[in-house]
>>> print(open('coords-v3.csv').read())   # CSV, C-alpha atoms and all ligand atoms
chain,number,residue,atom,x,y,z
A,1,MET,CA,90.2,131.4,86.5
A,2,SER,CA,88.8,130.0,83.2
A,3,ILE,CA,90.8,127.7,81.1
A,4,ARG,CA,92.0,129.4,77.9
A,5,PHE,CA,94.1,128.4,74.9
A,6,ASP,CA,94.9,131.8,73.5
A,7,ASN,CA,98.0,131.7,71.3
A,8,ARG,CA,97.9,127.9,71.4
A,9,VAL,CA,97.7,125.7,68.3
A,10,ALA,CA,95.8,122.4,68.6
A,11,ILE,CA,95.5,119.5,66.2
A,12,VAL,CA,92.5,117.3,66.6
A,13,THR,CA,92.4,114.1,64.5
A,14,GLY,CA,89.2,112.7,63.3
A,15,ALA,CA,87.6,116.1,64.1
A,16,GLY,CA,85.1,116.0,61.2
A,17,SER,CA,82.4,114.4,63.3
A,18,GLY,CA,81.5,113.0,66.7
A,19,LEU,CA,83.9,113.4,69.6
A,20,GLY,CA,86.7,115.0,67.6
A,21,ARG,CA,84.4,117.7,66.2
A,22,SER,CA,83.2,118.5,69.8
A,23,HIS,CA,86.8,118.7,71.1
A,24,ALA,CA,87.8,121.0,68.2
A,25,LEU,CA,84.8,123.3,68.8
A,26,LEU,CA,85.5,123.6,72.5
A,27,LEU,CA,89.3,124.2,72.1
A,28,ALA,CA,88.6,126.8,69.5
A,29,SER,CA,85.9,128.5,71.6
A,30,ARG,CA,88.6,128.9,74.3
A,31,GLY,CA,91.0,130.6,71.9
A,32,ALA,CA,93.0,127.8,70.3
A,33,LYS,CA,93.8,127.8,66.6
A,34,VAL,CA,92.8,124.4,65.4
A,35,VAL,CA,93.8,122.0,62.6
A,36,VAL,CA,90.6,120.0,62.0
A,37,ASN,CA,91.9,116.7,60.6
A,38,ASP,CA,89.6,114.2,59.2
A,39,LEU,CA,89.9,111.6,56.4
A,40,GLY,CA,86.1,112.0,55.9
A,41,GLY,CA,85.5,108.3,55.3
A,42,ALA,CA,82.9,105.8,56.5
A,43,VAL,CA,82.9,104.2,60.0
A,44,ASP,CA,84.9,101.2,58.5
A,45,GLY,CA,87.5,103.6,57.1
A,46,SER,CA,86.5,103.4,53.5
A,47,GLY,CA,86.3,106.4,51.3
A,48,GLY,CA,87.5,109.9,52.0
A,49,SER,CA,86.5,113.6,51.6
A,50,LEU,CA,87.7,117.0,52.9
A,51,THR,CA,84.0,118.1,53.4
A,52,PRO,CA,83.5,116.9,57.0
A,53,ALA,CA,86.7,118.7,58.1
A,54,GLN,CA,85.7,121.8,56.1
A,55,ARG,CA,82.3,121.9,57.7
A,56,VAL,CA,83.8,121.9,61.2
A,57,VAL,CA,86.2,124.7,60.2
A,58,ALA,CA,83.2,126.7,58.9
A,59,GLU,CA,81.5,126.2,62.3
A,60,ILE,CA,84.6,127.4,64.2
A,61,GLU,CA,85.0,130.4,61.9
A,62,ALA,CA,81.3,131.3,62.2
A,63,ALA,CA,81.8,131.4,66.0
A,64,GLY,CA,84.7,133.7,65.6
A,65,GLY,CA,87.5,131.1,65.9
A,66,ALA,CA,90.4,130.2,63.7
A,67,ALA,CA,90.8,126.8,62.0
A,68,ILE,CA,92.1,125.0,59.0
A,69,ALA,CA,90.9,121.7,57.4
A,70,ASN,CA,93.1,118.7,56.7
A,71,ALA,CA,92.1,115.4,55.2
A,72,ASP,CA,95.3,113.4,55.6
A,73,SER,CA,95.0,109.9,57.0
A,74,VAL,CA,96.7,109.5,60.4
A,75,ALA,CA,97.5,106.0,59.3
A,76,ASN,CA,99.9,107.3,56.8
A,77,PRO,CA,103.2,108.6,58.3
A,78,GLU,CA,103.7,111.1,55.5
A,79,GLY,CA,100.1,112.2,56.0
A,80,ALA,CA,100.7,112.8,59.7
A,81,LYS,CA,103.8,114.8,58.8
A,82,ARG,CA,101.8,116.9,56.3
A,83,MET,CA,99.1,117.5,58.9
A,84,VAL,CA,101.6,118.8,61.5
A,85,GLN,CA,103.4,120.9,58.8
A,86,ALA,CA,100.1,122.5,57.9
A,87,ALA,CA,99.9,123.8,61.5
A,88,ILE,CA,103.5,125.0,61.4
A,89,ASP,CA,103.0,126.7,58.0
A,90,GLN,CA,99.9,128.4,59.2
A,91,TRP,CA,100.7,129.3,62.8
A,92,GLY,CA,104.3,128.3,63.4
A,93,ARG,CA,103.7,126.0,66.4
A,94,VAL,CA,101.9,122.9,67.7
A,95,ASP,CA,101.0,122.9,71.4
A,96,ILE,CA,98.2,120.4,71.6
A,97,LEU,CA,97.5,117.1,69.8
A,98,VAL,CA,94.3,115.1,70.4
A,99,ASN,CA,94.7,111.7,68.9
A,100,ASN,CA,91.0,110.8,68.3
A,101,ALA,CA,90.6,109.4,64.8
A,102,GLY,CA,89.2,106.0,64.7
A,103,ILE,CA,87.4,103.3,62.7
A,104,LEU,CA,85.6,100.0,63.4
A,105,ARG,CA,85.8,96.6,61.7
A,106,ASP,CA,84.0,94.6,64.3
A,107,ARG,CA,84.1,90.8,63.8
A,108,THR,CA,84.8,87.8,65.9
A,109,ILE,CA,88.4,86.5,65.5
A,110,LEU,CA,87.0,83.5,63.5
A,111,LYS,CA,85.7,85.9,60.8
A,112,MET,CA,88.4,88.6,61.1
A,113,THR,CA,90.7,88.9,58.2
A,114,PRO,CA,94.3,90.2,58.6
A,115,GLU,CA,93.2,93.2,56.7
A,116,ASP,CA,90.5,94.0,59.2
A,117,PHE,CA,93.0,93.7,62.0
A,118,ASP,CA,95.7,95.7,60.3
A,119,ALA,CA,93.3,98.5,59.2
A,120,VAL,CA,92.0,99.1,62.7
A,121,VAL,CA,95.5,98.9,64.3
A,122,ALA,CA,96.9,101.3,61.6
A,123,VAL,CA,94.3,104.0,62.3
A,124,HIS,CA,94.1,103.9,66.1
A,125,LEU,CA,97.6,102.7,67.3
A,126,ALA,CA,100.0,103.5,64.4
A,127,GLY,CA,98.0,106.7,63.7
A,128,SER,CA,98.4,107.9,67.3
A,129,ALA,CA,102.1,107.1,67.1
A,130,TYR,CA,102.7,108.8,63.7
A,131,CYS,CA,100.9,112.0,64.6
A,132,THR,CA,102.8,112.1,67.9
A,133,MET,CA,106.1,111.5,66.2
A,134,ALA,CA,105.4,114.4,63.8
A,135,ALA,CA,104.3,116.8,66.5
A,136,TRP,CA,106.9,115.8,69.2
A,137,PRO,CA,109.9,117.7,67.9
A,138,HIS,CA,107.9,121.0,67.8
A,139,MET,CA,106.7,120.4,71.4
A,140,LYS,CA,110.2,119.5,72.6
A,141,GLU,CA,111.6,122.6,71.0
A,142,ALA,CA,108.9,124.8,72.7
A,143,ASN,CA,109.3,122.9,76.0
A,144,PHE,CA,105.6,122.5,76.1
A,145,GLY,CA,103.1,119.9,74.8
A,146,ARG,CA,99.7,118.4,75.7
A,147,ILE,CA,98.8,115.2,74.1
A,148,VAL,CA,95.5,113.4,74.6
A,149,MET,CA,95.0,109.8,73.5
A,150,THR,CA,91.7,108.0,73.0
A,151,THR,CA,91.3,104.5,74.3
A,152,SER,CA,88.1,102.6,75.0
A,153,ALA,CA,86.5,100.4,77.6
A,154,ALA,CA,86.7,97.7,74.9
A,155,GLY,CA,90.5,97.8,75.1
A,156,LEU,CA,90.8,98.4,78.9
A,157,PHE,CA,88.4,95.7,79.8
A,158,GLY,CA,87.5,93.7,76.7
A,159,ASN,CA,84.5,93.3,74.4
A,160,PHE,CA,83.1,90.5,72.3
A,161,GLY,CA,83.8,90.9,68.5
A,162,GLN,CA,86.4,93.7,68.9
A,163,ALA,CA,89.8,91.9,69.0
A,164,ASN,CA,91.4,94.3,66.5
A,165,TYR,CA,89.9,97.4,68.2
A,166,ALA,CA,90.6,96.3,71.7
A,167,ALA,CA,94.3,95.4,70.9
A,168,ALA,CA,94.8,98.8,69.2
A,169,LYS,CA,93.1,100.7,72.1
A,170,LEU,CA,95.2,99.0,74.8
A,171,GLY,CA,98.3,99.6,72.6
A,172,ILE,CA,97.5,103.3,72.8
A,173,VAL,CA,97.8,103.1,76.6
A,174,GLY,CA,101.2,101.5,76.2
A,175,LEU,CA,102.2,104.3,73.9
A,176,MET,CA,101.1,106.8,76.6
A,177,ASN,CA,102.9,104.9,79.3
A,178,ALA,CA,106.2,105.3,77.5
A,179,LEU,CA,105.6,108.9,76.3
A,180,LYS,CA,104.8,110.2,79.8
A,181,HIS,CA,108.4,109.4,80.7
A,182,GLU,CA,109.9,110.8,77.5
A,183,GLY,CA,107.9,114.0,77.7
A,184,ALA,CA,108.4,114.7,81.4
A,185,LYS,CA,111.4,116.9,81.1
A,186,TYR,CA,109.9,119.0,78.3
A,187,ASP,CA,106.6,119.6,80.0
A,188,ILE,CA,104.9,117.4,77.4
A,189,ARG,CA,102.0,115.8,79.3
A,190,VAL,CA,100.3,112.7,77.8
A,191,ASN,CA,96.9,111.5,79.1
A,192,THR,CA,94.1,109.3,77.8
A,193,VAL,CA,90.4,109.4,77.7
A,194,ALA,CA,88.1,106.4,77.5
A,195,PRO,CA,84.9,108.0,76.1
A,196,ILE,CA,81.3,106.9,76.1
A,197,ALA,CA,79.3,109.1,73.8
A,198,LEU,CA,76.6,109.0,71.2
A,199,THR,CA,78.2,109.3,67.7
A,200,ARG,CA,77.8,107.6,64.4
A,201,MET,CA,80.1,104.9,65.8
A,202,THR,CA,77.9,104.0,68.7
A,203,GLU,CA,74.3,105.0,67.6
A,204,ASP,CA,73.3,101.4,67.0
A,205,LEU,CA,74.7,100.2,70.3
A,206,ILE,CA,73.3,102.7,72.8
A,207,SER,CA,69.7,102.3,74.1
A,208,PRO,CA,67.4,105.1,73.2
A,209,ASP,CA,66.6,106.1,76.8
A,210,VAL,CA,70.3,107.1,77.6
A,211,LYS,CA,71.0,108.6,74.2
A,212,PRO,CA,70.1,112.2,75.1
A,213,ARG,CA,72.6,112.0,78.0
A,214,LEU,CA,75.6,110.9,76.0
A,215,LYS,CA,76.6,114.1,74.4
A,216,PRO,CA,80.2,114.2,73.1
A,217,GLU,CA,80.6,117.6,75.0
A,218,TYR,CA,80.9,115.8,78.3
A,219,VAL,CA,84.1,114.1,77.0
A,220,SER,CA,85.4,117.3,75.5
A,221,SER,CA,85.5,119.0,78.9
A,222,MET,CA,87.9,116.3,80.1
A,223,VAL,CA,90.0,116.6,77.0
A,224,ALA,CA,90.2,120.4,77.4
A,225,TRP,CA,91.4,120.0,81.0
A,226,PHE,CA,94.1,117.5,79.9
A,227,CYS,CA,95.1,120.1,77.2
A,228,ALA,CA,95.3,123.0,79.6
A,229,PRO,CA,98.7,124.6,80.3
A,230,GLU,CA,97.9,124.4,84.0
A,231,ASN,CA,97.3,120.7,83.9
A,232,GLN,CA,100.3,118.8,85.4
A,233,ALA,CA,98.8,115.3,85.3
A,234,THR,CA,100.5,112.9,82.9
A,235,GLY,CA,100.0,109.2,82.3
A,236,ASP,CA,96.4,109.3,83.5
A,237,ILE,CA,93.4,107.4,82.0
A,238,VAL,CA,89.9,108.7,82.6
A,239,GLU,CA,86.7,106.9,81.6
A,240,VAL,CA,84.2,109.6,80.7
A,241,GLY,CA,80.6,109.8,79.5
A,242,ALA,CA,77.3,111.5,80.3
A,243,GLY,CA,78.8,113.5,83.2
A,244,TYR,CA,80.5,110.5,84.8
A,245,TYR,CA,84.3,110.8,85.2
A,246,ALA,CA,86.5,108.0,86.7
A,247,ARG,CA,90.2,107.3,86.7
A,248,VAL,CA,91.2,103.8,85.4
A,249,GLN,CA,94.6,102.4,86.5
A,250,ILE,CA,96.6,99.3,85.9
A,251,MET,CA,97.5,97.7,89.2
A,252,GLU,CA,99.7,94.9,90.3
A,253,GLY,CA,98.8,92.7,93.3
A,254,GLU,CA,101.1,92.1,96.2
A,255,GLY,CA,102.0,88.7,94.7
A,256,VAL,CA,103.7,85.8,96.3
A,257,LEU,CA,107.3,84.5,96.1
A,258,LEU,CA,107.3,80.7,95.3
A,259,GLY,CA,109.9,78.0,95.0
A,260,ASP,CA,112.3,79.1,97.8
A,261,GLY,CA,115.0,80.0,95.4
A,262,GLN,CA,114.2,77.1,93.1
A,263,VAL,CA,112.0,77.0,90.0
A,264,PRO,CA,108.5,76.2,91.4
A,265,THR,CA,106.6,73.3,89.8
A,266,PRO,CA,103.4,73.9,87.8
A,267,GLU,CA,101.6,72.3,90.7
A,268,GLU,CA,103.0,74.8,93.2
A,269,VAL,CA,101.8,77.6,90.8
A,270,ARG,CA,98.4,75.9,90.6
A,271,ASP,CA,98.2,75.6,94.4
A,272,HIS,CA,99.0,79.3,94.9
A,273,TYR,CA,97.0,80.6,92.0
A,274,ALA,CA,94.4,82.2,94.3
A,275,ARG,CA,97.1,84.1,96.2
A,276,ILE,CA,98.8,85.1,92.9
A,277,CYS,CA,95.5,86.6,91.9
A,278,ASP,CA,94.7,88.2,95.2
A,279,MET,CA,94.3,92.0,94.5
A,280,ARG,CA,94.2,93.1,98.1
A,281,GLY,CA,97.0,95.5,98.6
A,282,ALA,CA,97.4,96.0,94.8
A,283,LYS,CA,99.0,99.2,93.7
A,284,PRO,CA,100.0,101.0,90.4
A,285,PHE,CA,103.6,101.5,89.3
A,286,GLU,CA,105.1,104.5,87.7
A,287,SER,CA,107.4,102.6,85.4
A,288,ALA,CA,108.8,99.1,84.5
A,289,ASN,CA,111.9,100.0,86.5
A,290,GLU,CA,109.8,100.4,89.6
A,291,VAL,CA,108.2,97.0,89.0
A,292,MET,CA,111.6,95.5,88.5
A,293,ARG,CA,113.0,97.1,91.8
A,294,ARG,CA,110.0,95.6,93.7
A,295,VAL,CA,110.6,92.1,92.3
A,296,PHE,CA,114.3,92.3,93.0
A,297,GLY,CA,113.6,93.6,96.5
A,298,GLU,CA,111.3,90.6,97.1
A,299,ILE,CA,113.8,88.0,95.9
A,300,GLN,CA,116.6,89.5,97.9
A,301,ARG,CA,114.6,89.8,101.1
A,302,PRO,CA,116.0,87.3,103.7
A,303,SER,CA,113.6,84.4,103.9
A,304,LYS,CA,111.5,84.2,107.1
B,1,LIG,P1,83.2,109.0,64.6
B,1,LIG,O1,83.2,107.9,63.6
B,1,LIG,O2,82.1,110.0,64.6
B,1,LIG,O3,84.6,109.8,64.5
B,1,LIG,C1,85.8,109.2,64.1
B,1,LIG,C2,86.4,110.2,63.0
B,1,LIG,O4,87.7,109.7,62.7
B,1,LIG,C3,85.5,110.2,61.8
B,1,LIG,O5,85.1,111.5,61.4
B,1,LIG,C4,86.5,109.6,60.7
B,1,LIG,O6,86.3,110.1,59.4
B,1,LIG,C5,87.8,109.9,61.3
B,1,LIG,N1,88.9,109.0,60.8
B,1,LIG,C6,88.8,107.7,60.6
B,1,LIG,N2,89.9,107.2,60.1
B,1,LIG,C7,90.8,108.3,59.9
B,1,LIG,C8,92.1,108.4,59.5
B,1,LIG,N3,92.8,107.4,59.0
B,1,LIG,N4,92.7,109.7,59.5
B,1,LIG,C9,92.0,110.7,59.9
B,1,LIG,N5,90.7,110.7,60.4
B,1,LIG,C10,90.1,109.4,60.4
B,1,LIG,O7,83.3,108.2,66.0
B,1,LIG,P2,83.6,108.8,67.5
B,1,LIG,O8,82.7,108.0,68.4
B,1,LIG,O9,83.6,110.3,67.5
B,1,LIG,O10,85.1,108.3,67.7
B,1,LIG,C11,86.2,109.1,68.1
B,1,LIG,C12,87.2,108.3,68.9
B,1,LIG,O11,86.6,107.9,70.2
B,1,LIG,C13,87.6,107.0,68.2
B,1,LIG,O12,89.0,106.8,68.4
B,1,LIG,C14,86.8,105.9,68.9
B,1,LIG,O13,87.4,104.7,68.9
B,1,LIG,C15,86.8,106.5,70.3
B,1,LIG,N6,85.7,105.9,71.2
B,1,LIG,C16,84.4,106.3,71.0
B,1,LIG,C17,83.5,105.8,71.9
B,1,LIG,C18,82.1,106.3,71.8
B,1,LIG,O14,81.3,105.9,72.7
B,1,LIG,N7,81.7,107.1,70.8
B,1,LIG,C19,83.8,104.8,72.9
B,1,LIG,C20,85.2,104.5,73.0
B,1,LIG,C21,86.1,105.1,72.2
>>> encode(input="coords-v3.csv", output="structure tokens")
Amino acid sequence: MSIRFDNRVAIVTGAGSGLGRSHALLLASRGAKVVVNDLGGAVDGSGGSLTPAQRVVAEIEAAGGAAIANADSVANPEGAKRMVQAAIDQWGRVDILVNNAGILRDRTILKMTPEDFDAVVAVHLAGSAYCTMAAWPHMKEANFGRIVMTTSAAGLFGNFGQANYAAAKLGIVGLMNALKHEGAKYDIRVNTVAPIALTRMTEDLISPDVKPRLKPEYVSSMVAWFCAPENQATGDIVEVGAGYYARVQIMEGEGVLLGDGQVPTPEEVRDHYARICDMRGAKPFESANEVMRRVFGEIQRPSK
């Protein structure tokens, strides 16, 4: 059966271009009514205009879909509330939120100013949180919600010159990890994509031979599945680009108990560092409580 979003209302942030535009077009083509949010600024976040959001709305309408444009900044809590209110005023509900808006201020830490750091964290991390906070009460009330976050390999694995961006992007994973618990009993599912796609953000970074393969549409198929009412997954991260889809997970190794009930010396830690770092038998955990239970279990186990 095909995935449909009839009678569903979706908000896609940063949907005036690139990945967000592609997500909005796909959701709308499957029946969703879409709030196309976009500040309409430059890649570094400067400037602003309603035109990019309006253009995407026109594309959706031309294809027979329903959409409204919104140019509030996700980095502004009041803006995030207005954006959600626009959906409520127009259609009376919010079922889907795709937190996608983003900017770049790439610099090494030596050259990065606090403003460069704050601006990037504000849009990606605080923006994802503010939009979620604004949408959440409506989802809770309806006992249904699908939220998709957007992280990056830069945050999951690191990248030179992107300390602000990487910090914000991994922060988004933390946000999801908490929300998957808070949303569980209301059927609010929260998942994350780590995209690789050709957009204005990446056009100077991607080699010309792979550019034709890196269509944002590949990422949108993943986003649409996460948004589907039938999707029961929550708390998942999927790296996606050019037809390649792979789950990413945070794992903890088996570990080693040192010190025999006493505080181990730094030398003992040094001497066991290879074992501490051994990832054979590593596994993911559902929650901090589960990690805690494991550690307490280890320390209470009778010594051999
Ligand atoms: P893009 O620059 O085409 O799209 C980002 C959109 O967000 C722009 O239209 C921009 O106006 C909008 N935006 C920026 N600040 C905003 C704010 N405060 N409020 C509302 N809208 C705002 O770039 P792209 O590639 O489509 O990026 C989308 C998301 O995907 C971003 O979160 C980005 O970090 C992430 N991403 C993209 C990758 C790629 O390969 N293209 C790789 C990893 C992550």
>>> residues_near_ligand(input="coords-v3.csv", ligand="ligand LIG 1 (chain B)", cutoff="8 Å", atoms="all atoms listed in the file", output="MDAnalysis selection string")
chainID A and resid 13:21 37:45 48 52 71:76 99:104 122:124 127 150:154 165 169 194:202 216 241
>>> residues_around(input="coords-v3.csv", residues="A:Thr132", least_positions_apart="3", cutoff="9 Å", atoms="all atoms listed in the file", output="PyMOL selection string")
chain A and resi 80+97+99+127-129+135-136+147
>>> closest_residue(input="coords-v3.csv", among="A:Val120, A:Ile96, A:Val219, A:Ile68", to="A:Glu239", atoms="only C-alpha atoms")
A:Val219
>>> residues_near_point(input="coords-v3.csv", point="(89.6, 125.7, 89.0)", cutoff="12 Å", atoms="only C-alpha atoms", output="PyMOL selection string")
chain A and resi 1-4+225+228+230-231
>>> write_last_selection(input="coords-v3.csv", atoms="C-alpha atoms", output="short mmCIF file (atom, residue, chain, number, x, y, z; two decimals), in the coordinates of the input")
data_model
loop_
_atom_site.label_atom_id
_atom_site.label_comp_id
_atom_site.auth_asym_id
_atom_site.auth_seq_id
_atom_site.Cartn_x
_atom_site.Cartn_y
_atom_site.Cartn_z
CA MET A 1 90.20 131.40 86.50
CA SER A 2 88.80 130.00 83.20
CA ILE A 3 90.80 127.70 81.10
CA ARG A 4 92.00 129.40 77.90
CA TRP A 225 91.40 120.00 81.00
CA ALA A 228 95.30 123.00 79.60
CA GLU A 230 97.90 124.40 84.00
CA ASN A 231 97.30 120.70 83.90
#
>>> closest_residue(input="coords-v3.csv", among="A:Val256, A:Ile60, A:Met112, A:Ala274", to="A:Val295", atoms="only C-alpha atoms")
A:Val256
>>> residues_near_point(input="coords-v3.csv", point="(78.5, 113.5, 81.3)", cutoff="8 Å", atoms="only C-alpha atoms", output="mmCIF file with C-alpha atoms, keeping the file's coordinate frame")
data_model
loop_
_atom_site.group_PDB
_atom_site.id
_atom_site.type_symbol
_atom_site.label_atom_id
_atom_site.label_comp_id
_atom_site.auth_asym_id
_atom_site.auth_seq_id
_atom_site.Cartn_x
_atom_site.Cartn_y
_atom_site.Cartn_z
ATOM 1 C CA ARG A 213 72.600 112.000 78.000
ATOM 2 C CA LEU A 214 75.600 110.900 76.000
ATOM 3 C CA LYS A 215 76.600 114.100 74.400
ATOM 4 C CA GLU A 217 80.600 117.600 75.000
ATOM 5 C CA TYR A 218 80.900 115.800 78.300
ATOM 6 C CA VAL A 219 84.100 114.100 77.000
ATOM 7 C CA VAL A 240 84.200 109.600 80.700
ATOM 8 C CA GLY A 241 80.600 109.800 79.500
ATOM 9 C CA ALA A 242 77.300 111.500 80.300
ATOM 10 C CA GLY A 243 78.800 113.500 83.200
ATOM 11 C CA TYR A 244 80.500 110.500 84.800
ATOM 12 C CA TYR A 245 84.300 110.800 85.200
#
>>> closest_residue(input="coords-v3.csv", among="A:Val210, A:Val263, A:Ile250, A:Met149", to="A:Thr234", atoms="all atoms listed in the file")
A:Met149
>>> closest_residue(input="coords-v3.csv", among="A:Gln90, A:Ser287, A:Ser220, A:Asn143", to="A:Arg189", atoms="all atoms listed in the file")
A:Asn143
>>> closest_residue(input="coords-v3.csv", among="A:Cys227, A:Ile109, A:Ala134, A:Ile11", to="A:Asp187", atoms="all atoms listed in the file")
A:Cys227
>>> residues_around(input="coords-v3.csv", residues="stretch 114-116 of chain A", least_positions_apart="6", cutoff="9 Å", atoms="all atoms listed in the file", output="list in words")
Leu104, Arg105, Asp106, Arg107 and Asn164 of chain A
>>> residues_around(input="coords-v3.csv", residues="A:Arg93", least_positions_apart="4", cutoff="9 Å", atoms="all atoms listed in the file", output="PyMOL selection string")
chain A and resi 8-10+84+87-89+138-139+142
>>> write_last_selection(input="coords-v3.csv", atoms="C-alpha atoms", output="PDB file, in the coordinates of the input")
ATOM      1  CA  ARG A   8      97.900 127.900  71.400  1.00  0.00           C
ATOM      2  CA  VAL A   9      97.700 125.700  68.300  1.00  0.00           C
ATOM      3  CA  ALA A  10      95.800 122.400  68.600  1.00  0.00           C
ATOM      4  CA  VAL A  84     101.600 118.800  61.500  1.00  0.00           C
ATOM      5  CA  ALA A  87      99.900 123.800  61.500  1.00  0.00           C
ATOM      6  CA  ILE A  88     103.500 125.000  61.400  1.00  0.00           C
ATOM      7  CA  ASP A  89     103.000 126.700  58.000  1.00  0.00           C
ATOM      8  CA  HIS A 138     107.900 121.000  67.800  1.00  0.00           C
ATOM      9  CA  MET A 139     106.700 120.400  71.400  1.00  0.00           C
ATOM     10  CA  ALA A 142     108.900 124.800  72.700  1.00  0.00           C
TER      11      ALA A 142
END
>>> residues_around(input="coords-v3.csv", residues="A:Asp278", least_positions_apart="2", cutoff="10 Å", atoms="all atoms listed in the file", output="PyMOL selection string")
chain A and resi 252-256+272-276+280-282
>>> closest_residue(input="coords-v3.csv", among="A:Ala233, A:Leu258, A:Val269, A:Val148", to="A:Glu298", atoms="all atoms listed in the file")
A:Leu258
>>> build_atoms(input="coords-v3.csv", residues="stretch 36-50 of chain A", atoms="N, CA and C atoms", output="tab-separated table (two decimals), in the frame of the given file")
chain	number	residue	atom	x	y	z
A	36	VAL	N	91.72	121.01	61.98
A	36	VAL	CA	90.60	120.00	62.00
A	36	VAL	C	91.03	118.94	60.98
A	37	ASN	N	91.55	117.84	61.50
A	37	ASN	CA	91.90	116.70	60.60
A	37	ASN	C	90.80	115.74	60.52
A	38	ASP	N	90.48	115.31	59.33
A	38	ASP	CA	89.60	114.20	59.20
A	38	ASP	C	89.64	113.61	57.77
A	39	LEU	N	89.83	112.31	57.73
A	39	LEU	CA	89.90	111.60	56.40
A	39	LEU	C	88.54	111.72	55.71
A	40	GLY	N	87.47	111.82	56.47
A	40	GLY	CA	86.10	112.00	55.90
A	40	GLY	C	85.61	110.71	55.24
A	41	GLY	N	85.97	109.57	55.81
A	41	GLY	CA	85.50	108.30	55.30
A	41	GLY	C	84.32	107.74	56.08
A	42	ALA	N	83.97	106.47	55.79
A	42	ALA	CA	82.90	105.80	56.50
A	42	ALA	C	83.43	105.23	57.83
A	43	VAL	N	82.52	104.70	58.67
A	43	VAL	CA	82.90	104.20	60.00
A	43	VAL	C	83.99	103.06	59.81
A	44	ASP	N	83.93	102.31	58.71
A	44	ASP	CA	84.90	101.20	58.50
A	44	ASP	C	86.22	101.74	57.88
A	45	GLY	N	86.29	103.04	57.64
A	45	GLY	CA	87.50	103.60	57.10
A	45	GLY	C	87.57	103.74	55.61
A	46	SER	N	86.52	103.28	54.93
A	46	SER	CA	86.50	103.40	53.50
A	46	SER	C	86.14	104.77	53.01
A	47	GLY	N	86.61	105.13	51.84
A	47	GLY	CA	86.30	106.40	51.30
A	47	GLY	C	87.10	107.56	51.87
A	48	GLY	N	86.74	108.78	51.52
A	48	GLY	CA	87.50	109.90	52.00
A	48	GLY	C	86.97	111.21	51.40
A	49	SER	N	87.00	112.30	52.16
A	49	SER	CA	86.50	113.60	51.60
A	49	SER	C	86.98	114.69	52.58
A	50	LEU	N	87.27	115.85	52.03
A	50	LEU	CA	87.70	117.00	52.90
A	50	LEU	C	86.43	117.68	53.49
